[in-house]
Structures are given as C-alpha cells and as structure tokens.
Amino acid sequence: MTARTTGADVAATARATSGAADRDTRSAAPARRSASGGGRRLSSGARKRLEIAFFTAPALVLLALFVVVPVLQAVRYSVFDWNGLGPLDDFVGLDNYARALRDTVFTGAVVNNFIIIALSILIQLPLGLAIALLLNREIRGRAFLRVVIFMPYVLAEVVAGVVWVLLLQPNGLVDAVVEGVGLGGLTQLWLGDPEIALGTVMVVLTWKYLGLAVLLFLAGLQGVPEDVYEAAQLDGASWWQVQRRITIPLLGPTIRTWGFLSMIGSLQLFDMVWILTGGGPANSTVTMAIYLVDQGTNRGLYGYASAVAVLLFAISLVLAVLYQYLVLRRDNEGAPAARKVTR
Amino acid sequence: MLAALSTVNDDKDTPPMARNRALTAVAILAAASALTACGGSDSGGGDSDSDGTLTWWHNSNSDPGKAYYEQVAADFEEANPGTTIEISALAHEDMLTRLDAAFQTGDTPDVYMERGGGELADHVEAGLTMDLSEPAADTIEELGGSVNGWQVDGATYALPFSVGVVGFWYNTDLFAQAGITEPPATMEDLDAAVQALKDAGIQPISVGAGDKWPAAHYWYYTALRECGQDVLEDAVTSLDFSDPCFVTAGEDLEGLIATEPFNEGFLATPAQEGPASASGLLATEQVAMELAGHWEPGVMQGLTEGGEGLGEKTGWFPFPSVEGGQGDPDAALGGGDAWACAADAPPVCVDFVQYLLSDEVQQGFAERDMGLPTNPAANDSVSDPALADLIAYRDSAPYVQLYFDTAFGENVGGAMNDEIALLFAGQATPQDVVDATQAAAGNA
C-alpha cells in the first residue's frame, strides 16, 4: 500500500535519521578519547566512522526498505494501468496523472485539504493561544482544565470518531441537546447534508487537535524567561500588553513549529474523516488520502492510485519545503530572532 | 546519504578514504544482516504443496457453520486417506482483505470463495484460478443456471454454493397500520404505499446510501426492469451502456427519489452497522421497508437485543415492475458465493469442492440456515420460512442477474455505484450515471 508513504513521512524520517546521526557523533566523542589513549590500530577517525555506520545502518536499512523503496515503487506503478494482479505490462505514461488532475473528485479533494489546512490554523491558533495563556495563569483547577483540553488528543482517532458518529446521527445526542436548549429548529443532518458535513468535520477536528496546540503553546510558555516579565511589569505594562508584546512574540518558534505539524496533519488527514463520513455525502468531505485509498484499495486501480499518491507526495513536499524556507528559516538560524522581538 | 554521513566528520588523522569506505560498508552489512536474520526465520512456512494437503479459507467463523465445516472436512479426510485439510475460518472482512493480499502475491489458499463477475475475470486473467469445466462437469450440470455468474468465456471457474436474491423486506405491522393490504407490485403501487406510510407518520424506506451499494441496488433493479436480458448480457461483456434503457432506468429511480421516501439523513446512513444503519432502522421498527438481500433477517437479528430481528412481522416482496419496461418483471437481482480452486492446487481440490456441493453437504448447509443452497436437492431442507420463500422466488425467476458492481468488477462497478450515490444526492443525472460507468470501462 502506498497510502502512507507521503512526502511528510519521508521528510520526518529523514530528519529523525539525521538527528540520530548527530547524537551518534556526540556519543562517539568519549570513545574516541579512550581509543587514542589505548593501543588500538584503528585511528580515531576510522573508528568514529565505523560506529556511525554501525549505529545508523539499521535505521537506514529500515528507511530504505519501508520508505524509499515503496515511494520509488509508487512512482513506477503510477505510469502503468495496473489492477494489482499480474505483471506490469500496460505502460500508459503520464495518463494516470492527467486523469487525476481532470477528475473533479480529486481536485475537490485537494480543495478540501486546503480548506482544512486554512481553517485548522485560523481556528486553532487563536483559540489554542487564548486557552494556553489562560491556563498559564494561576487559576483554580488549572491541572484539571489542562487534562480536559488535552484529553481528546490522547483518544484514539477511531474511538473518538465512532463516538462522534453516534452523537451526530439523526435524533442522536447532539440533536437532543440542541432541542433541549430550545433550539429545535437548528437541528441538522450534521453528517448527512453535503452542505454542512465539512463544517461538522472541522468542528470534530478542532475538538480533537486543539489539545496538541495548547500543550505545545504551554510548553513554549515555560521557555519565556521570568525576568523579561518582571522588567515589563517594572515598566508598568498591563497584562494584555505583556501578552501581546512579550509572550506571543517569544512563543513565535513554537507557533511556527505547531503550524508545520498542523499543515502536514491536515494534508494527510484520513482516519477521522474515514470514520465520520468516508468522504461523503456526495464527496463533500473527501480528502486526498481518502480518494487515494478509495481508488486503490476499493477500486483496485493500483496504478492510478499510485499516481494520486505521488501527487499527494509532491504537494506535501512542496508545501513542507516552502514552509521550511519561508517560515521556519528564521528559527533555524537561531537566537537573533528572539533578540529582535524583545527590543 | 551514506556518502554524506561518512564525509561529514573529517578528522585530522584520517586514514586513506578507500579503507574508510570499506570499513563503513562492512559495518553496514554486519548491521543489516543482523537485522534480516531476525526476520528471516518465519517465512517459507506457507505452501508445502505435498499433494495431500488442502488449505481452505471460509467465512463461517461462528457456530453452527464453523463446526459444520470442520465436520465436513473431517468426513472428506476420512473418505480420502492421505488428504488433510487445513481450515482457516475467518471473519468475512478479514477474509476479503487476506484474499486480496494473497491474490497479489500469487500465494492463494487451495480452496477459497469467489463472488464471480469481473472480480473473477481478473483472477482468471492473472492465472490464479483453476478451470473446473472439465473436472467438475457433473456438478456444474446439476447446478444449472446458478453457475452463470462464475463463468468466463464459457468456462466455469467456481461452484456457487449459495445464491440469494434482493427484494424488499418489510414490517407487516407497519404496513397494516398504514392500511396497505397488498405488497406493492408496480412502481405506482410503491409510490402509493410510500404516501400511505407518510400519511400514517411512518418513515417509508431506509437505504444505506452512505455505503453506496445499497443505493446502487435500486438502479440495478430499475435497469433490470427497463432493459431486456440480451441487452444486459451484452453490457456485462462489452461494457457498453449506450442502450437508452439505462438512462430510462435512472429516470425511474429519479422519480422514486423525488417522492422523498427515504429515512432522514440517508446519504450518510451505513448499510448494516449499528441501530442507526438501514438494517437497524428496519429491525427497530423506525422504517417500514428496506431493499436488501437474503442476508437481511440474519443482520436484523444481530441488531436487536433479543436476537429476534423483526420476527413474526418480517415480510418480503419482489422489486416492483415498471410500466413499459423491456425487462422481464420476474427477473431477479442477486449474487452469492462459490468455491474455487487455486490454479496451483492439487487435483484433490476438485473432488473436495464437488463434495461441498453434494446433496448431503448442501442439505446440512441448508438445515443450518447458512445460506440459500444451489443444489436443488437441498431446497426442502431450508428451515427458515422467509429463506424458503426466497428460494421459491429465485428458482421461479427466468434468470438471476448478478449484482452489476460484482459483474463489472470493482473498478467499473465502483464508478457506477459512486455516481448512483450522487444521483441519490441530487448531484448527478441519469445520463451522468451511464457516462461515468462508460468512462470507467474505457479505462478498465
């Protein structure tokens, strides 16, 4: 299956691997010292290389076997008309790609993915920030509120999805609550109406992933030095001014990292939507990953689905690289950014 | 990537590069072989293919079916010394997933289930399935027309052991409440019944359009009523749907949808999972009827607390006729399961699948209500009265058309189902359904 081998996976794994390499380099340092002290025949450089190779090889082999090879396979399958059975003998060139780009269901899925990216960030960023700032103050029941906010994120997607399906079904609990507060006219076919199903899905996604944003922002807030606050207070800044001029700017790197995770998650969104709507009704909530699984696994169009997978890979890769280049670059360059904003 | 890693940390006292590279390579090899050594031991346990062992996958994973098939296998082993049968009783969805994987690797079980149609044709084309026409000729003769769905280019590749038909299951109580005395026989009757039920405050029909195929069954049936048998037979092989009867079929269905007979939120309703599914709504008396296959009473039993389903209130009537249709009003839509042998199975496999279709085994199968037997000798053994009625209808039908999605294969059938679901949502026209199917067939 090619469903999961998308660009972000590769990027993430590549990062993980190079991270591992860094660590190995560091841990190799003491060993080198002892080697040069002893009467070993290997020079310290060779020994270090040997260690690096030995420790990274398993990860590299796994990466190659389960990420690089499948991605290359997908590229190969994508230029054939192939139903998963028998040999690859019907070469069709780029036809599969052309077909995907002409298919309104696929282009609709791309649009849906971008809507989900935009709404995720537009809704969860202000909401998550507000909650994180609130929970960062000394208020009663803070620990409890943190657990409540973070709980949905810990729940398995499938479990949470099934619960929501039950809540949202016609005459389900959500309808009962809406009627109970005297708004009977506002009950909807929450998942059954093509006009509002995507909105319902967005609400559930926000509920599910807001906890992660809050958690990251809270962690980021711990990194804001206390003395900056004290200085601001001495200067007579109000609570609001402190948040706007100090906290949020200093939280910048955390927010930008969260934005990256949120974007990649939205691009690859599959499980929650699969459980809630399966992409329906009338394709109104279909995402690229859902389209891909539907065409590949359900239709047996493995060649075509591979082309879709490659397109999803390409879109993810371009967005990830652009984000890294345009947004995260400042953070990667290091400290100056932080100095600038405190001025 | 490897090269990059080994040049990253150049040291002052580096020995010659070549030696370095070699060392790196050796280390990687060592680590890699350590890795593969762990994974290597459990492969290769599959086909030992000594000619006496048959692997058999089936989906009767609960009793009485499971125990019955164990008994059947034991009896066969006893009658054929030297043969052992390894049974895997799998949950239905599990079995389908594992079969898909098995087909892709070419390592199929010796005896397995085929649903016929385009799916089977794909397996035949890939050389995975044994041609049974010659070795099982007697049994094929006995089964008669039932085997049609499992033939490719005149050759028979599997022996159907259960074939059911689709029709309306209804709640006799709710029909009586709405003052409907006779089950609808024509589309006009159905429209009138829908109106009568609505007037009585009852939701008329549930349909699991969220799963698409239950909605598609409506279109299949209107096509069956509008199109002659020759047109349909032609379409199944040529995948040409240019005959105007296919558009008319969609228009008939549009007419029915326009009367708004379906349960609230039907576009997202699943077919069979949970009390809010189409089957659940019928089982819990939320709606009066549902178009479904022979599995419906069993599904409803699973969805009610007492395991009763609709019990005594269960009624059944065939899909109504349409005025001016070219199709036979008694033709039935249906499908079923058949036993097939893998192309590389030992010859004893054919004996075993024939044994599975024997009078004796099929009678036991029928007595346990495991399905609708295809061997006529077992017809009288069916104990459930609703299923017995269905068999009578099936056997009196001039022909049983295999579900179109199965017949056309998952690609064309899937495209067709998707577009029919859009028709239910009011986002596709009857012409769109034909066009989408045609387009998918062009790409098949």
# chains A, B, ... in the order shown; residues from 1 in each chain; ligands from 1
>>> residues_around(residues="B:Asp328", least_positions_apart="4", cutoff="10 Å", atoms="only C-alpha atoms", output="NGL selection string")
:B and (224-229 or 321-322 or 332 or 397-399)
>>> closest_residue(among="A:Ala160, A:Ala307, A:Ala143, A:Leu127", to="A:Leu205", atoms="only C-alpha atoms")
A:Ala160
>>> closest_atom_pairs(of="chain A", to="chain B", cutoff="6 Å", atoms="only C-alpha atoms", output="Markdown table")
| residue | atom | partner | partner_atom | distance |
| --- | --- | --- | --- | --- |
| A:Gly45 | CA | B:Thr14 | CA | 5.5 |
| A:Leu50 | CA | B:Thr24 | CA | 5.5 |
| A:Ala53 | CA | B:Thr24 | CA | 5.6 |
| A:Phe54 | CA | B:Ala27 | CA | 5.2 |
| A:Ala57 | CA | B:Ile28 | CA | 5.2 |
| A:Leu85 | CA | B:Gln104 | CA | 5.3 |
| A:Gly86 | CA | B:Ala126 | CA | 5.1 |
| A:Leu189 | CA | B:Gly265 | CA | 5.8 |
| A:Gly192 | CA | B:Ala268 | CA | 4.7 |
| A:Pro281 | CA | B:Leu267 | CA | 5.6 |
| A:Ala282 | CA | B:Leu422 | CA | 5.4 |
| A:Arg299 | CA | B:Asn411 | CA | 4.6 |
>>> closest_residue(among="B:Tyr68, B:Thr314, B:Gly280, B:Gln326", to="B:Asp230", atoms="only C-alpha atoms")
B:Gln326
>>> atom_distance(atom1="atom CA of B:Ala136", atom2="atom CA of B:Val348")
11.4 Å
>>> closest_residue(among="B:Ala345, B:Ser206, B:Met300, B:Glu308", to="B:Gly52", atoms="only C-alpha atoms")
B:Ala345
>>> residues_around(residues="stretch 248-255 of chain A", least_positions_apart="3", cutoff="7 Å", atoms="only C-alpha atoms", output="list of chain:residue names")
A:Leu216, A:Phe217, A:Gly220, A:Leu221, A:Val224, A:Gln243, A:Arg244, A:Arg245, A:Trp258, A:Gly259, A:Asp331, A:Ala338, A:Val341
>>> residues_around(residues="A:Leu261", least_positions_apart="3", cutoff="10 Å", atoms="only C-alpha atoms", output="MDAnalysis selection string")
chainID A and resid 8 212:213 255:258 264:267 320
>>> atom_distance(atom1="atom CA of B:Gln401", atom2="atom CA of B:Leu333")
4.8 Å
>>> atom_distance(atom1="atom CA of B:Gly334", atom2="atom CA of B:Gly164")
5.4 Å
>>> closest_residue(among="B:Asp435, B:Asp389, B:Asp405, B:Glu367", to="B:Pro318", atoms="only C-alpha atoms")
B:Asp389
